Structures are given as C-alpha cells and as structure tokens.
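Coordinates from input00.txt are shown below (compact mmCIF, C-alpha atoms (C1' of nucleotides)).
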```
# COMPACT_ATOMS: atom_id res chain seq x y z
CA MET A 193 -29.40 27.36 -50.05
CA LYS A 194 -29.32 23.59 -49.55
CA ILE A 195 -32.41 21.56 -48.71
CA ALA A 196 -32.21 17.86 -47.88
CA THR A 197 -34.49 14.94 -47.06
CA TRP A 198 -33.73 11.83 -45.05
CA ASN A 199 -35.86 8.96 -43.79
CA VAL A 200 -33.94 8.18 -40.60
CA ASN A 201 -35.95 5.10 -39.47
CA SER A 202 -36.10 6.21 -35.80
CA LEU A 203 -34.58 9.53 -34.76
CA LYS A 204 -33.91 8.04 -31.34
CA ILE A 205 -31.49 5.51 -32.85
CA ARG A 206 -30.22 7.80 -35.58
CA LEU A 207 -29.70 11.11 -33.71
CA PRO A 208 -25.90 10.65 -33.59
CA HIS A 209 -25.91 10.02 -37.36
CA VAL A 210 -28.03 13.13 -37.98
CA LEU A 211 -25.80 15.36 -35.81
CA ASP A 212 -22.68 14.01 -37.49
CA TRP A 213 -24.20 14.42 -40.95
CA LEU A 214 -25.28 18.01 -40.25
CA ALA A 215 -21.79 18.86 -39.00
CA ARG A 216 -20.39 17.69 -42.33
CA ASN A 217 -23.35 18.92 -44.43
CA PRO A 218 -24.55 22.21 -42.94
CA VAL A 219 -27.69 22.41 -45.07
CA GLU A 220 -30.20 25.19 -44.44
CA VAL A 221 -33.14 22.78 -44.19
CA LEU A 222 -33.32 19.04 -43.42
CA ALA A 223 -36.65 17.23 -43.75
CA LEU A 224 -36.86 14.04 -41.68
CA GLN A 225 -39.26 11.12 -41.95
CA GLU A 226 -39.96 8.15 -39.67
CA THR A 227 -38.82 9.89 -36.51
CA LYS A 228 -40.96 7.35 -34.56
CA LEU A 229 -41.07 9.69 -31.56
CA THR A 230 -43.85 11.29 -29.57
CA ASP A 231 -43.37 15.06 -29.35
CA ASP A 232 -42.28 14.94 -25.70
CA LYS A 233 -39.32 12.74 -26.72
CA PHE A 234 -38.11 14.91 -29.61
CA PRO A 235 -34.41 15.85 -29.20
CA THR A 236 -34.96 19.62 -29.48
CA LYS A 237 -32.04 20.58 -27.25
CA GLU A 238 -29.46 18.41 -28.99
CA LEU A 239 -30.43 19.81 -32.38
CA GLU A 240 -30.41 23.39 -31.10
CA ALA A 241 -26.92 22.85 -29.74
CA ALA A 242 -25.98 21.77 -33.28
CA GLY A 243 -27.40 25.04 -34.66
CA TYR A 244 -30.82 23.87 -35.83
CA HIS A 245 -34.37 24.75 -34.92
CA ALA A 246 -36.88 21.92 -35.23
CA SER A 247 -40.56 21.87 -36.15
CA PHE A 248 -42.01 18.41 -35.69
CA VAL A 249 -45.01 16.18 -35.22
CA GLY A 250 -44.83 12.56 -34.22
CA GLN A 251 -46.46 9.55 -32.67
CA LYS A 252 -45.37 6.38 -30.94
CA THR A 253 -43.67 3.61 -32.97
CA TYR A 254 -44.57 4.71 -36.49
CA ASN A 255 -44.32 7.67 -38.85
CA GLY A 256 -43.42 11.12 -37.54
CA VAL A 257 -41.89 14.00 -39.55
CA ALA A 258 -39.76 17.05 -38.81
CA LEU A 259 -38.27 20.11 -40.49
CA LEU A 260 -34.90 21.27 -39.20
CA SER A 261 -33.69 24.72 -40.18
CA ARG A 262 -30.64 26.76 -39.26
CA LEU A 263 -31.21 28.92 -36.19
CA ALA A 264 -30.32 32.00 -38.26
CA MET A 265 -33.01 31.05 -40.82
CA PRO A 266 -36.26 30.60 -38.90
CA ALA A 267 -39.14 28.46 -40.15
CA THR A 268 -42.46 30.29 -40.17
CA ASP A 269 -46.10 29.41 -40.87
CA VAL A 270 -45.72 25.81 -39.78
CA VAL A 271 -48.62 23.58 -40.89
CA ILE A 272 -49.13 20.01 -39.66
CA ASP A 273 -50.83 17.31 -41.80
CA ILE A 274 -52.75 17.77 -45.07
CA PRO A 275 -55.45 20.31 -44.15
CA GLY A 276 -58.93 18.84 -44.52
CA PHE A 277 -57.69 15.24 -44.78
CA ALA A 278 -58.52 13.23 -41.68
CA ASP A 279 -55.45 11.10 -40.89
CA GLU A 280 -54.22 9.92 -37.52
CA GLN A 281 -50.82 9.09 -38.99
CA LYS A 282 -48.26 11.89 -38.72
CA ARG A 283 -46.86 12.16 -42.23
CA VAL A 284 -46.71 15.82 -43.31
CA ILE A 285 -45.18 19.04 -41.97
CA SER A 286 -44.71 22.30 -43.88
CA ALA A 287 -43.02 25.61 -43.21
CA THR A 288 -41.59 28.65 -44.99
CA VAL A 289 -37.81 29.13 -44.80
CA ASN A 290 -36.00 31.97 -46.59
CA GLY A 291 -39.01 32.56 -48.83
CA VAL A 292 -39.25 28.90 -49.87
CA ARG A 293 -42.32 26.87 -48.93
CA VAL A 294 -41.05 23.46 -47.81
CA VAL A 295 -43.39 20.48 -47.58
CA CYS A 296 -41.98 17.34 -45.92
CA VAL A 297 -43.90 14.16 -46.77
CA TYR A 298 -43.79 10.55 -45.63
CA VAL A 299 -46.05 8.76 -48.11
CA PRO A 300 -47.61 5.50 -46.84
CA ASN A 301 -45.72 2.34 -47.71
CA GLY A 302 -48.74 0.39 -48.97
CA GLN A 303 -47.51 -3.03 -47.79
CA SER A 304 -48.86 -5.00 -50.80
CA VAL A 305 -51.05 -4.11 -53.75
CA ASP A 306 -54.03 -6.14 -52.49
CA SER A 307 -54.05 -4.64 -48.99
CA ASP A 308 -56.12 -1.97 -47.24
CA LYS A 309 -52.84 -0.13 -46.68
CA TYR A 310 -52.36 0.11 -50.44
CA ARG A 311 -55.83 1.60 -50.89
CA TYR A 312 -55.02 4.05 -48.08
CA LYS A 313 -51.78 4.94 -49.90
CA LEU A 314 -53.64 5.80 -53.12
CA ALA A 315 -56.31 7.81 -51.25
CA TRP A 316 -53.52 9.61 -49.39
CA PHE A 317 -51.78 10.45 -52.68
CA GLN A 318 -55.05 11.87 -54.02
CA ALA A 319 -55.44 14.10 -50.96
CA LEU A 320 -51.82 15.25 -51.29
CA HIS A 321 -52.38 16.02 -54.96
CA ASP A 322 -55.53 18.05 -54.37
CA TRP A 323 -53.91 20.05 -51.57
CA LEU A 324 -50.69 20.69 -53.54
CA SER A 325 -52.70 21.93 -56.53
CA ARG A 326 -53.65 24.87 -54.31
CA GLU A 327 -50.31 25.19 -52.48
CA ILE A 328 -48.35 25.63 -55.70
CA VAL A 329 -50.53 28.62 -56.59
CA ALA A 330 -50.18 30.15 -53.11
CA HIS A 331 -46.42 29.47 -52.99
CA PRO A 332 -44.62 29.72 -56.35
CA LYS A 333 -41.33 28.78 -54.67
CA LEU A 334 -42.44 25.33 -53.52
CA VAL A 335 -40.41 22.22 -52.71
CA VAL A 336 -42.15 18.96 -51.78
CA LEU A 337 -39.63 16.45 -50.56
CA GLY A 338 -39.47 13.24 -48.62
CA ASP A 339 -40.03 9.50 -48.77
CA TYR A 340 -42.58 8.98 -51.56
CA ASN A 341 -42.42 5.19 -51.38
CA VAL A 342 -42.65 5.07 -55.19
CA ALA A 343 -39.90 4.46 -57.74
CA PRO A 344 -40.96 6.50 -60.81
CA GLU A 345 -39.13 4.72 -63.63
CA ASP A 346 -37.35 1.49 -64.58
CA ARG A 347 -33.98 3.18 -64.09
CA ASP A 348 -34.93 3.86 -60.46
CA VAL A 349 -35.22 0.12 -59.69
CA HIS A 350 -32.36 -2.40 -59.50
CA ASP A 351 -34.52 -5.15 -61.04
CA PRO A 352 -37.56 -3.60 -62.75
CA LYS A 353 -38.81 -6.95 -64.06
CA ALA A 354 -38.90 -8.46 -60.57
CA TRP A 355 -40.56 -5.32 -59.14
CA GLU A 356 -43.12 -4.87 -61.92
CA GLY A 357 -46.58 -4.59 -60.38
CA GLN A 358 -45.24 -4.87 -56.83
CA VAL A 359 -45.87 -2.26 -54.17
CA LEU A 360 -43.55 0.77 -54.61
CA PHE A 361 -43.49 0.12 -58.38
CA SER A 362 -47.09 -0.61 -59.42
CA ALA A 363 -48.77 1.35 -62.22
CA PRO A 364 -51.33 3.14 -59.96
CA GLU A 365 -48.56 4.32 -57.64
CA LYS A 366 -46.45 5.57 -60.53
CA ALA A 367 -49.53 7.33 -61.94
CA ALA A 368 -50.18 8.97 -58.55
CA LEU A 369 -46.63 10.32 -58.41
CA LYS A 370 -46.84 11.48 -62.02
CA ALA A 371 -50.09 13.34 -61.27
CA ILE A 372 -48.22 15.31 -58.62
CA ALA A 373 -45.35 15.98 -61.02
CA ASP A 374 -47.92 17.15 -63.58
CA LEU A 375 -48.94 19.95 -61.21
CA GLY A 376 -45.61 21.50 -62.20
CA LEU A 377 -43.30 19.80 -59.70
CA HIS A 378 -40.03 18.56 -61.17
CA ASP A 379 -37.82 15.73 -59.91
CA ALA A 380 -34.69 17.68 -58.94
CA PHE A 381 -32.50 14.57 -59.20
CA ARG A 382 -33.31 14.17 -62.89
CA LEU A 383 -32.47 17.78 -63.73
CA PHE A 384 -28.84 16.69 -63.72
CA GLU A 385 -26.70 13.93 -65.15
CA GLN A 386 -26.50 11.10 -62.63
CA ALA A 387 -24.64 7.84 -62.31
CA PRO A 388 -26.62 4.80 -63.52
CA LYS A 389 -28.12 2.62 -60.80
CA SER A 390 -28.56 5.52 -58.37
CA TYR A 391 -30.88 4.57 -55.51
CA SER A 392 -31.93 6.08 -52.17
CA TRP A 393 -33.08 2.96 -50.30
CA TRP A 394 -31.63 -0.52 -49.91
CA ASP A 395 -33.16 -3.47 -48.07
CA TYR A 396 -31.38 -4.35 -44.83
CA ARG A 397 -31.77 -7.98 -45.84
CA MET A 398 -29.95 -10.09 -48.43
CA LEU A 399 -26.95 -7.75 -48.56
CA GLY A 400 -29.12 -5.20 -50.34
CA PHE A 401 -26.62 -2.35 -50.14
CA ARG A 402 -23.54 -4.40 -50.95
CA ARG A 403 -25.30 -5.70 -54.07
CA ASN A 404 -26.71 -2.20 -54.79
CA ALA A 405 -30.14 -3.87 -54.88
CA GLY A 406 -31.98 -0.62 -54.24
CA LEU A 407 -34.81 1.67 -55.24
CA ARG A 408 -34.96 5.43 -55.71
CA ILE A 409 -38.03 6.33 -53.66
CA ASP A 410 -36.91 9.50 -51.86
CA HIS A 411 -37.51 12.56 -53.99
CA VAL A 412 -37.13 16.34 -54.05
CA LEU A 413 -39.86 17.85 -56.24
CA VAL A 414 -39.50 21.52 -57.12
CA SER A 415 -41.76 24.13 -58.70
CA ASP A 416 -40.84 26.00 -61.92
CA ALA A 417 -39.41 28.96 -59.98
CA LEU A 418 -37.13 26.69 -57.96
CA LYS A 419 -36.22 24.53 -60.95
CA ALA A 420 -34.82 27.67 -62.55
CA VAL A 421 -32.40 28.17 -59.64
CA CYS A 422 -31.67 24.54 -58.78
CA SER A 423 -27.96 23.91 -59.44
CA ALA A 424 -27.40 20.40 -58.03
CA CYS A 425 -29.09 17.34 -56.57
CA SER A 426 -27.37 14.27 -55.21
CA ILE A 427 -27.87 11.18 -53.07
CA ASP A 428 -25.39 10.73 -50.20
CA ARG A 429 -24.95 6.98 -50.49
CA GLU A 430 -21.82 7.13 -48.31
CA GLU A 431 -24.12 7.55 -45.31
CA ARG A 432 -25.56 4.08 -45.95
CA LYS A 433 -22.09 2.55 -45.41
CA LYS A 434 -21.87 3.70 -41.81
CA GLU A 435 -22.36 1.60 -38.70
CA GLN A 436 -26.07 1.02 -37.87
CA PRO A 437 -27.33 3.09 -40.81
CA SER A 438 -30.86 4.03 -41.80
CA ASP A 439 -31.99 1.97 -44.78
CA HIS A 440 -32.47 5.30 -46.64
CA ALA A 441 -29.75 7.73 -47.74
CA PRO A 442 -30.07 11.53 -47.58
CA VAL A 443 -30.92 13.43 -50.79
CA VAL A 444 -29.62 17.01 -51.08
CA ALA A 445 -30.70 19.76 -53.50
CA THR A 446 -28.89 23.08 -53.98
CA PHE A 447 -30.64 26.33 -54.94
CA ASP A 448 -28.93 29.55 -56.02
CA LEU A 449 -31.05 31.92 -53.98
CA ALA A 450 -30.11 35.25 -52.46
C1' DA B 93 -42.42 -20.36 -52.37
C1' DT B 94 -39.88 -18.44 -48.45
C1' DG B 95 -36.90 -15.75 -45.62
C1' DG B 96 -33.65 -12.65 -45.03
C1' DC B 97 -32.82 -7.23 -41.39
C1' DA B 98 -34.03 -3.50 -38.20
C1' DA B 99 -36.94 -0.92 -34.82
C1' DT B 100 -40.70 -0.85 -31.59
C1' DG B 101 -43.37 -2.19 -27.44
C1' DT B 102 -47.78 -2.82 -21.29
C1' DT B 103 -41.71 -7.13 -25.62
C1' DT B 104 -39.27 -12.21 -24.89
C1' DC B 105 -42.55 -12.46 -30.29
C1' DA B 106 -45.75 -9.97 -33.34
C1' DT B 107 -46.01 -6.18 -36.31
C1' DT B 108 -44.41 -3.04 -39.70
C1' DG B 109 -41.48 -1.35 -42.99
C1' DA B 110 -39.98 -1.35 -48.25
```
Can you turn what I pasted into structure tokens?
Amino acid sequence: MKIATWNVNSLKIRLPHVLDWLARNPVEVLALQETKLTDDKFPTKELEAAGYHASFVGQKTYNGVALLSRLAMPATDVVIDIPGFADEQKRVISATVNGVRVVCVYVPNGQSVDSDKYRYKLAWFQALHDWLSREIVAHPKLVVLGDYNVAPEDRDVHDPKAWEGQVLFSAPEKAALKAIADLGLHDAFRLFEQAPKSYSWWDYRMLGFRRNAGLRIDHVLVSDALKAVCSACSIDREERKKEQPSDHAPVVATFDLA
DNA sequence: ATGGCAATGTTTCATTGA
C-alpha cells in the first residue's frame, strides 16, 4: 500500500499534473494540501474518471485539503478539522483506508517569527499535538502526513546558517514538530538511507530548484505499527522539473500491508 | 537591505505563501 502527500498550490491549476502523476504513480492514497478551492469547485468527476474517490474540504483562495483514495479502497469515517479546535482555515482532513487511519495536515506557514500568524502556527501545532495524543491510542495504525511547514534538522535545509531562527526553521517550530514525533510518530523519510540535500520544497524565485536551494518541510509521520511495515519513502523531485510545477514535490511512503 | 516567483480576486495591484 502506497500513501503519498503533495502540496499542489492550487488544484485548479495543478489538476492536469495530479492526474498525470496518479497515472504514473497509482498510489492507494494521495493527501493534497493547498487545493484553494471551495467545495462546489472540487474536480470530483475528473478524479473519479481517473479511478479515485475524493474526500475534501476547502475555502476560497487559501488552504484546502483532500484525501484521494482508489475507488476499490473506500475511505470511511471522514473527519474534517481538528475536533474541538475552532479554526476557520481548512487545514485537516482524516479518514480510514484499508485499516490505516490517515490524517492529512496543512500546517500554517507562520509568515515571520514576530507575526500573529507565527503565534497562530504554534497554537495550531499545540492543538494538533493534543488531538493526536488521543488519535494514536484510538488508531494504532496511524499516518499523519502533509505540509508541516517546518524543516526538522540542519540536513533538511540548503543553508541552515542563513535559515537559523527564521520561520520554518526556528527553535519553537522545531520543538513543536518534535513534540508530535515524541508521541510515537516517526519520520518515514529518515527510516531509510537518502541522498544528501534531499528537499521537498524550492522557492519559485532566485532559481531555487536549479540551485537545489530547498527545504524538507513535507513529511510522512508513522506510528510504531506502521513503522514496522514501512519499506520505502521517497521524494519525487522529478515532478518539480515539469512545466508550471507546484513549488512542492510529492512524498511517497510504501507499507507492506495485506 | 531588498527583491526575486506564482496564484488569487468584487483584480489591473495587494496579499499570501515559504
């Protein structure tokens, strides 16, 4: 069973990329972030024609998340948002697929460390943490994947000195991500040997991709039970080379499940 | 110190993202 995450930066613009990617990478589940679509505009029919059912929640202009799953592998018990956390921004959707509880997250960007958006990001992380502390008990086979907007370590940043203390790489953000990992959620990418300078996002500006000036901020976190059956995790950086790409690349994890 | 690129919208620039 393959489960992937991809911040598409507008599903309206990127739908052809998603359909093409799914045709070449027929994963069982694809978690999408930044769909930037109201629910009435979601391309349900096009995805169904490609063999995928979609669960989604969105809003105009910003945010928006979705879980795509193969038609033969229905998603059940869909939950929108972090229960009990009042948030108008559509950033979380969860469902159970093939016995695996899948949580798709789009963590706030934070803008800059002295902003209200940064304080919202840290409060949001705390709410996610408190909710996941219960979810991991209720669902031993748990995967929490998406755009975390945090690079965990120096090796996840092209220039850690320049990024030190900046948003996406500040100590409180790294601590917030570590607190979630400490619930028993493991970074699937780091379970395997990886090429140095592996990133999942590159700035559109200043030839970010060509210079490989990137960050690894999109993560697949897995519970102990899934860690035991996780056999691969990779970033599809080829996707970033395409015409009119998202600034994020897909991340795919493979699980040896019945 | 600044801008650079891309997407959006009661658009023709401002805002946001990362």
Task: For Ser392 (chain A): contacts at 12 Å, all atoms listed in the file, fewer than 4 positions along chain excluded, given as an NGL selection string - done: (:A and (197-200 or 338-343 or 348-350 or 381 or 400-401 or 404-412 or 426-432 or 438-444)) or (:B and (110))
Task: Atom-to-atom span, CA of Arg262 (chain A) and CA of Val221 (chain A), Å - done: 6.8 Å
TODO: Scan for residues within 10 Å of the point (-24.0, 16.9, -64.3) in the coordinates of the file, using all atoms listed in the file, and reply as a ChimeraX atom specification.
DONE: /A:382-387,423-425
Open item on the list: Could you list, as a PyMOL selection string, every residue within 10 Å of DG109 (chain B), counting all atoms listed in the file and ignoring same-chain residues fewer than 5 positions away?
Closed with: (chain A and resi 201+254+300-303+395) or (chain B and resi 98-99)
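As for CA of Ile195 (chain A) and CA of Phe234 (chain A), they are spaced 21.0 Å apart.
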Open item on the list: To one decimal place in Å, what is the distance between CA of Glu220 (chain A) and CA of Ala450 (chain A)?
Closed with: 12.9 Å
Contact table chain B vs chain A, cut-off 6 Å, shortest pair per residue, all atoms listed in the file, as JSON lines:
```
{"residue": "B:DG96", "atom": "C1'", "partner": "A:Arg397", "partner_atom": "CA", "distance": 5.1}
{"residue": "B:DC97", "atom": "C1'", "partner": "A:Arg397", "partner_atom": "CA", "distance": 4.6}
{"residue": "B:DT100", "atom": "C1'", "partner": "A:Thr253", "partner_atom": "CA", "distance": 5.5}
```
Open item on the list: I'd like the contact shell of Ala241 (chain A) - 10 Å cut-off, all atoms listed in the file, skipping same-chain residues fewer than 5 positions apart - returned as a PyMOL selection string.
Closed with: chain A and resi 211+236+263
Kindly save the residues from that selection, with C-alpha atoms included, as an mmCIF file, in the frame of the given file.
```
data_model
loop_
_atom_site.group_PDB
_atom_site.id
_atom_site.type_symbol
_atom_site.label_atom_id
_atom_site.label_comp_id
_atom_site.auth_asym_id
_atom_site.auth_seq_id
_atom_site.Cartn_x
_atom_site.Cartn_y
_atom_site.Cartn_z
ATOM 1 C CA LEU A 211 -25.800 15.360 -35.810
ATOM 2 C CA THR A 236 -34.960 19.620 -29.480
ATOM 3 C CA LEU A 263 -31.210 28.920 -36.190
#
```
Open item on the list: What's around Asp306 (chain A) at 12 Å? Count all atoms listed in the file, leave out sequence neighbours fewer than 4 positions away in its own chain, and write the answer as a ChimeraX atom specification.
Closed with: /A:302,310-314,357-359,362
Open item on the list: Residues near Val295 (chain A), anyone? I mean within 12 Å using only C-alpha atoms (C1' of nucleotides), not counting same-chain ones fewer than 3 positions away, as an MDAnalysis selection string.
Closed with: chainID A and resid 195:197 221:225 247 257:260 267 269:274 283:289 292 298 320 323:324 327:328 331 333:339 411:415
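Proximity to Trp355 (chain A) was assessed for A:Val219, A:Tyr244, A:Val305, A:Cys422 counting all atoms listed in the file; the smallest distance is recorded for A:Val305.
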